[in-house]
Structure formats: structure tokens, C-alpha cells
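Text of target.pdb (PDB, C-alpha atoms and all ligand atoms) as supplied:
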ATOM      1  CA  MET I 171      85.196 120.700  94.437
ATOM      2  CA  ALA I 172      84.339 117.957  96.938
ATOM      3  CA  GLU I 173      84.152 118.776 100.632
ATOM      4  CA  ILE I 174      86.934 116.706 102.187
ATOM      5  CA  ASP I 175      86.928 115.842 105.865
ATOM      6  CA  TYR I 176      90.353 115.538 107.566
ATOM      7  CA  GLN I 177      90.687 113.419 110.682
ATOM      8  CA  ARG I 178      93.377 112.025 112.919
ATOM      9  CA  TRP I 179      92.761 108.307 113.556
ATOM     10  CA  THR I 180      92.266 107.728 117.253
ATOM     11  CA  GLY I 181      92.346 103.913 117.258
ATOM     12  CA  THR I 182      95.323 101.650 116.682
ATOM     13  CA  VAL I 183      96.832 101.341 113.206
ATOM     14  CA  ALA I 184      96.067  97.611 113.377
ATOM     15  CA  ASP I 185      92.376  98.545 113.634
ATOM     16  CA  ALA I 186      92.737 100.721 110.520
ATOM     17  CA  ALA I 187      94.708  98.136 108.538
ATOM     18  CA  ASP I 188      91.932  96.812 106.262
ATOM     19  CA  PRO I 189      90.642 100.144 104.890
ATOM     20  CA  LEU I 190      94.202 101.470 104.861
ATOM     21  CA  LEU I 191      95.411  98.574 102.722
ATOM     22  CA  ALA I 192      92.544  99.146 100.286
ATOM     23  CA  LEU I 193      93.576 102.800 100.049
ATOM     24  CA  CYS I 194      97.259 101.859  99.603
ATOM     25  CA  THR I 195      96.316  99.664  96.647
ATOM     26  CA  ALA I 196      94.434 102.577  95.070
ATOM     27  CA  VAL I 197      97.286 104.998  95.790
ATOM     28  CA  PHE I 198     100.269 102.869  94.771
ATOM     29  CA  GLY I 199      98.679 100.619  92.142
ATOM     30  CA  THR I 200     100.001  97.496  93.798
ATOM     31  CA  PHE I 201     100.872  97.220  97.455
ATOM     32  CA  ASP I 202     102.177  94.284  99.474
ATOM     33  CA  PRO I 203     100.063  94.051 102.649
ATOM     34  CA  ALA I 204     103.040  92.495 104.454
ATOM     35  CA  TYR I 205     104.937  95.774 104.114
ATOM     36  CA  LEU I 206     102.350  97.512 106.312
ATOM     37  CA  ARG I 207     101.332  94.625 108.538
ATOM     38  CA  GLY I 208     104.960  93.654 109.171
ATOM     39  CA  ARG I 209     106.083  97.031 110.448
ATOM     40  CA  VAL I 210     103.002  98.236 112.315
ATOM     41  CA  PRO I 211     103.560  96.075 115.438
ATOM     42  CA  HIS I 212     107.038  97.598 115.829
ATOM     43  CA  ILE I 213     106.276 101.284 115.494
ATOM     44  CA  ALA I 214     105.945 103.707 118.399
ATOM     45  CA  ASP I 215     103.382 106.473 118.687
ATOM     46  CA  ALA I 216     101.765 105.934 115.309
ATOM     47  CA  ASP I 217     100.240 109.074 113.834
ATOM     48  CA  LEU I 218      97.653 108.451 111.130
ATOM     49  CA  TRP I 219      95.849 111.217 109.251
ATOM     50  CA  LEU I 220      92.970 110.578 106.876
ATOM     51  CA  ALA I 221      91.242 112.508 104.133
ATOM     52  CA  ILE I 222      87.655 111.338 103.790
ATOM     53  CA  ASP I 223      85.284 112.100 100.929
ATOM     54  CA  GLN I 224      81.649 111.213 101.638
ATOM     55  CA  GLY I 225      82.695 108.418 103.963
ATOM     56  CA  GLU I 226      85.410 107.051 101.662
ATOM     57  CA  TRP I 227      89.091 107.183 102.609
ATOM     58  CA  VAL I 228      90.808 109.027  99.765
ATOM     59  CA  GLY I 229      94.126 110.077 101.299
ATOM     60  CA  PHE I 230      96.360 109.308 104.239
ATOM     61  CA  LYS I 231      99.610 110.125 105.957
ATOM     62  CA  LEU I 232     101.189 107.705 108.414
ATOM     63  CA  GLY I 233     104.122 108.552 110.647
ATOM     64  CA  TYR I 234     105.668 107.322 113.865
ATOM     65  CA  ARG I 235     108.241 108.240 116.486
ATOM     66  CA  ARG I 236     111.894 107.642 115.667
ATOM     67  CA  GLY I 237     113.492 109.299 118.628
ATOM     68  CA  GLU I 238     112.939 111.872 121.327
ATOM     69  CA  GLY I 239     111.976 114.734 119.008
ATOM     70  CA  LEU I 240     111.784 113.082 115.599
ATOM     71  CA  LEU I 241     108.630 112.082 113.753
ATOM     72  CA  TYR I 242     109.307 109.781 110.801
ATOM     73  CA  SER I 243     106.706 110.278 108.088
ATOM     74  CA  TRP I 244     106.624 106.815 106.598
ATOM     75  CA  LEU I 245     103.829 106.404 104.075
ATOM     76  CA  GLY I 246     101.235 108.572 102.454
ATOM     77  CA  GLY I 247      99.311 109.259  99.332
ATOM     78  CA  VAL I 248      96.112 110.329  97.666
ATOM     79  CA  ASP I 249      93.680 108.341  95.535
ATOM     80  CA  PRO I 250      94.534 109.144  91.886
ATOM     81  CA  ARG I 251      91.002 110.503  91.353
ATOM     82  CA  MET I 252      91.550 113.120  94.046
ATOM     83  CA  ARG I 253      95.033 114.362  93.175
ATOM     84  CA  GLY I 254      95.918 117.936  92.353
ATOM     85  CA  GLN I 255      93.368 119.406  94.763
ATOM     86  CA  GLY I 256      95.624 120.077  97.726
ATOM     87  CA  VAL I 257      94.669 116.937  99.672
ATOM     88  CA  ALA I 258      98.274 115.851 100.326
ATOM     89  CA  SER I 259      99.174 119.415 101.321
ATOM     90  CA  GLU I 260      96.355 119.597 103.845
ATOM     91  CA  LEU I 261      97.247 116.196 105.348
ATOM     92  CA  MET I 262     100.867 117.342 105.695
ATOM     93  CA  ARG I 263      99.903 120.664 107.284
ATOM     94  CA  ARG I 264      97.814 118.869 109.877
ATOM     95  CA  GLN I 265     100.494 116.238 110.528
ATOM     96  CA  HIS I 266     103.123 118.941 111.106
ATOM     97  CA  ASP I 267     100.919 121.179 113.266
ATOM     98  CA  HIS I 268      99.952 118.250 115.456
ATOM     99  CA  ALA I 269     103.543 116.997 115.706
ATOM    100  CA  ALA I 270     104.829 120.427 116.709
ATOM    101  CA  ALA I 271     102.110 120.747 119.342
ATOM    102  CA  ALA I 272     102.987 117.250 120.604
ATOM    103  CA  GLY I 273     106.608 118.332 121.166
ATOM    104  CA  TYR I 274     108.366 116.963 118.090
ATOM    105  CA  ARG I 275     111.220 119.120 116.773
ATOM    106  CA  PHE I 276     111.804 117.470 113.410
ATOM    107  CA  VAL I 277     109.962 115.481 110.803
ATOM    108  CA  GLU I 278     111.940 113.269 108.434
ATOM    109  CA  THR I 279     110.947 111.279 105.393
ATOM    110  CA  SER I 280     112.560 109.090 102.704
ATOM    111  CA  THR I 281     111.329 109.220  99.132
ATOM    112  CA  ARG I 282     112.446 107.404  96.029
ATOM    113  CA  ALA I 283     114.663 109.801  94.086
ATOM    114  CA  ALA I 284     112.478 109.335  90.994
ATOM    115  CA  ASN I 285     109.308 110.463  92.817
ATOM    116  CA  ASN I 286     109.302 114.132  91.808
ATOM    117  CA  PRO I 287     105.726 114.920  92.961
ATOM    118  CA  MET I 288     106.466 113.785  96.519
ATOM    119  CA  ILE I 289     109.884 115.450  96.693
ATOM    120  CA  LEU I 290     108.410 118.719  95.390
ATOM    121  CA  LEU I 291     105.512 118.515  97.823
ATOM    122  CA  ASN I 292     107.972 118.076 100.682
ATOM    123  CA  LEU I 293     110.119 121.015  99.506
ATOM    124  CA  ARG I 294     106.994 123.184  99.248
ATOM    125  CA  HIS I 295     106.286 122.433 102.893
ATOM    126  CA  GLY I 296     109.690 123.417 104.209
ATOM    127  CA  PHE I 297     111.700 120.204 104.005
ATOM    128  CA  HIS I 298     115.381 120.329 103.074
ATOM    129  CA  VAL I 299     117.369 117.546 101.482
ATOM    130  CA  ALA I 300     119.270 115.857 104.305
ATOM    131  CA  GLY I 301     120.731 112.824 102.596
ATOM    132  CA  PHE I 302     120.801 110.370  99.738
ATOM    133  CA  GLU I 303     121.217 106.613  99.853
ATOM    134  CA  ILE I 304     120.760 103.413  97.931
ATOM    135  CA  ASP I 305     118.339 101.322  99.959
ATOM    136  CA  ALA I 306     118.420  97.588 100.667
ATOM    137  CA  ARG I 307     116.607  96.900  97.383
ATOM    138  CA  GLY I 308     119.098  98.980  95.364
ATOM    139  CA  ILE I 309     116.693 101.912  94.935
ATOM    140  CA  ALA I 310     117.981 105.511  95.124
ATOM    141  CA  VAL I 311     116.290 107.368  97.967
ATOM    142  CA  VAL I 312     116.329 111.030  99.012
ATOM    143  CA  ILE I 313     116.054 111.802 102.727
ATOM    144  CA  GLN I 314     114.319 115.066 103.601
ATOM    145  CA  ARG I 315     114.016 116.740 106.973
ATOM    146  CA  LYS I 316     112.096 119.716 108.329
ATOM    147  CA  GLU I 317     112.446 121.581 111.590
ATOM    148  CA  LEU I 318     109.023 122.102 113.103
ATOM    149  CA  LYS I 319     107.965 125.429 114.525
ATOM    150  CA  LEU I 320     104.988 125.863 116.787
ATOM    151  CA  ASP I 321     103.915 129.148 115.211
ATOM    152  CA  ARG I 322     103.500 128.053 111.594
ATOM    153  CA  ALA I 323     102.139 125.196 109.527
TER
HETATM  154  C1  LIG B   1     102.567 112.874  95.827
HETATM  155  C2  LIG B   1     101.062 112.904  96.123
HETATM  156  C3  LIG B   1     100.843 112.469  97.572
HETATM  157  C4  LIG B   1     100.542 114.336  95.921
HETATM  158  O1  LIG B   1      99.168 114.353  96.306
HETATM  159  P1  LIG B   1      98.191 115.553  95.846
HETATM  160  O2  LIG B   1      97.026 115.579  96.769
HETATM  161  O3  LIG B   1      97.914 115.435  94.390
HETATM  162  O4  LIG B   1      99.127 116.827  96.089
HETATM  163  P2  LIG B   1      98.644 118.334  96.281
HETATM  164  O5  LIG B   1      97.488 118.615  95.367
HETATM  165  O6  LIG B   1      98.451 118.619  97.731
HETATM  166  O7  LIG B   1      99.930 119.099  95.722
HETATM  167  C5  LIG B   1     100.714 119.892  96.560
HETATM  168  C6  LIG B   1     102.044 120.209  95.876
HETATM  169  O8  LIG B   1     102.777 119.015  95.628
HETATM  170  C7  LIG B   1     103.509 119.124  94.398
HETATM  171  N1  LIG B   1     102.962 118.136  93.463
HETATM  172  C8  LIG B   1     101.925 117.308  93.681
HETATM  173  N2  LIG B   1     101.730 116.525  92.590
HETATM  174  C9  LIG B   1     102.677 116.879  91.689
HETATM  175  C10 LIG B   1     103.018 116.421  90.378
HETATM  176  N3  LIG B   1     102.353 115.435  89.781
HETATM  177  N4  LIG B   1     104.075 116.977  89.759
HETATM  178  C11 LIG B   1     104.777 117.962  90.353
HETATM  179  N5  LIG B   1     104.499 118.449  91.593
HETATM  180  C12 LIG B   1     103.466 117.904  92.240
HETATM  181  C13 LIG B   1     103.278 120.520  93.918
HETATM  182  O9  LIG B   1     104.281 121.332  94.468
HETATM  183  C14 LIG B   1     101.924 120.849  94.518
HETATM  184  O10 LIG B   1     101.704 122.205  94.715
HETATM  185  P3  LIG B   1     101.019 123.096  93.546
HETATM  186  O11 LIG B   1      99.750 122.400  93.187
HETATM  187  O12 LIG B   1     100.820 124.396  94.206
HETATM  188  O13 LIG B   1     102.004 123.097  92.440
HETATM  189  C15 LIG B   1     100.276 111.970  95.139
HETATM  190  O14 LIG B   1     100.728 112.222  93.832
HETATM  191  C16 LIG B   1     100.403 110.503  95.443
HETATM  192  O15 LIG B   1      99.600 109.949  96.196
HETATM  193  N6  LIG B   1     101.396 109.828  94.842
HETATM  194  C17 LIG B   1     101.562 108.394  95.002
HETATM  195  C18 LIG B   1     101.957 108.021  96.408
HETATM  196  C19 LIG B   1     103.363 108.429  96.746
HETATM  197  O16 LIG B   1     104.233 108.560  95.891
HETATM  198  N7  LIG B   1     103.617 108.611  98.054
HETATM  199  C20 LIG B   1     104.943 108.959  98.539
HETATM  200  C21 LIG B   1     105.723 107.778  98.939
HETATM  201  S1  LIG B   1     105.057 107.009 100.412
END
As C-alpha cells - that is how I would like this structure written.
Ligand SMILES: CC(C)(COP(=O)(O)OP(=O)(O)OC[C@H]1O[C@@H](n2cnc3c(N)ncnc32)[C@H](O)[C@@H]1OP(=O)(O)O)[C@@H](O)C(=O)NCCC(=O)NCCS
Amino acid sequence: MAEIDYQRWTGTVADAADPLLALCTAVFGTFDPAYLRGRVPHIADADLWLAIDQGEWVGFKLGYRRGEGLLYSWLGGVDPRMRGQGVASELMRRQHDHAAAAGYRFVETSTRAANNPMILLNLRHGFHVAGFEIDARGIAVVIQRKELKLDRA
């Protein structure tokens, strides 16, 4: 199995936008750059985690602050070639450990109700279902939330 390097991005998300958009296209199949570029200027305390395989970005997790103690985990995914090897799990573990150490109490995320792999991954990592809604585009979305503890991943 490949040796994956996990890193927290220390620059701005704007600086990471080009390689991140290339990764988003690989992860999601198609991806509208405006979705990322439009929101990035408005987010507070961006938190970007990367999985890197021999210099190539193969997975990411991007969150930001949505309140005093709440980290909103917005976007994430793994290159299809690298799935099923625990990459998303490791990115999530690191995101949660870092958030807890930074003083966040909760992490929240919204996932399309049809996205079983992501919903299961979240449940595996201690999220509970906290809500359900139909979003602005008419898509059913499940909201999941996890209370962070300093003493565990
Ligand atoms: C969801 C996704 C991030 C999982 O990445 P991954 O690196 O393959 O996941 P992992 O190998 O870390 O899997 C961890 C756990 O997630 C769950 N899981 C992951 N893929 C799954 C699948 N296809 N079906 C069911 N459960 C799945 C399992 O519980 C798995 O644990 P297990 O292997 O012990 O059963 C990946 O499929 C992906 O990038 N999907 C497209 C992007 C996306 O939907 N992002 C979310 C919206 S922003």
C-alpha cells in the first residue's frame, strides 16, 4: 500500500485553489470552480487537510468556523484510485483531533441523503444524525453532528 503523507495546509485556501480544484474534479467527476471560489472569501478560519501520495494531492477535507465552538466540515473526498484504503478516515481523524485541540466543541456536516459512503463514514467516526432538509436546489440532505472530545480521535 502507498505511503500517504497527511498535512494541514498552512497557507490561505485561495493559494491552494488551483490544485484543490483539480482534485475536486477527480473526486466529484465534475465540479464547478465557482462553488469553491465563490465561498472561500467568506469563510472564517479555514481548515484544510491534505492526503499526498508521492507529491500528488489525492484527498482533502475542508472545514471552517461557523460559530464560537462549531467547525463546519464543508467539502472533502478522495481520488477514486485511492478509495477504500482509509484515507478519508485518516483525514477525518486529524481534522477532529486538531479541532478539539483548537477549542472547538462540535463538528457538523451536511451530506446528500443518497451519499451512503459519506454518511456511513461520518457515523463510523462518531457523528449522529442531527437533521434533514431539502436544500435550495431541491436535494435531500442529512445533517450530522459530533461532539468533540480532547481525549479521543
Ligand atoms: C466518501 C469517501 C470520502 C470515502 O473515502 P475513502 O478514503 O474511500 O474512505 P475510507 O477508506 O477511509 O473508509 C472509511 C469508512 O467509510 C465507509 N465507506 C467508505 N466508502 C464506502 C462505500 N463505498 N460504501 C460504504 N461505506 C463506505 C466505511 O464505513 C469505511 O469503513 P470500513 O472500510 O471499515 O468499512 C469517498 O468515497 C469519496 O471521495 N466520495 C466522493 C466525494 C464525496 O462524496 N464527498 C462527500 C461530500 S463533500
At most 6 Å from ligand LIG 1 (chain B) (only C-alpha atoms and all ligand atoms): residue list as number ranges by chain: I: 197-198, 245-248, 253-259, 281, 287-288, 290-291, 294
Using only C-alpha atoms, find all polymer residues with an atom at most 12 Å away from the point (110.2, 110.8, 122.6); report them as an NGL selection string. :I and (214-215 or 234-242 or 269 or 272-276)
Axis-aligned box for all listed atoms of segment 283-286 of chain I, 4 Å per side, centre and edges in Å to one decimal, as JSON:
{"center_x": 112.0, "center_y": 111.7, "center_z": 92.5, "size_x": 13.4, "size_y": 12.8, "size_z": 11.1}
Best match for closeness to Asn286 of chain I among I:Val312, I:Leu232, I:Val183, I:Leu190, counting all atoms listed in the file: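 Residue with the minimum atom-to-atom distance to Asn286 of chain I: I:Val312.
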In Å to one decimal, how far is atom CA of Arg178 of chain I from atom CA of Pro250 of chain I?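 Straight-line distance from atom CA of Pro250 of chain I to atom CA of Arg178 of chain I works out to 21.3 Å.
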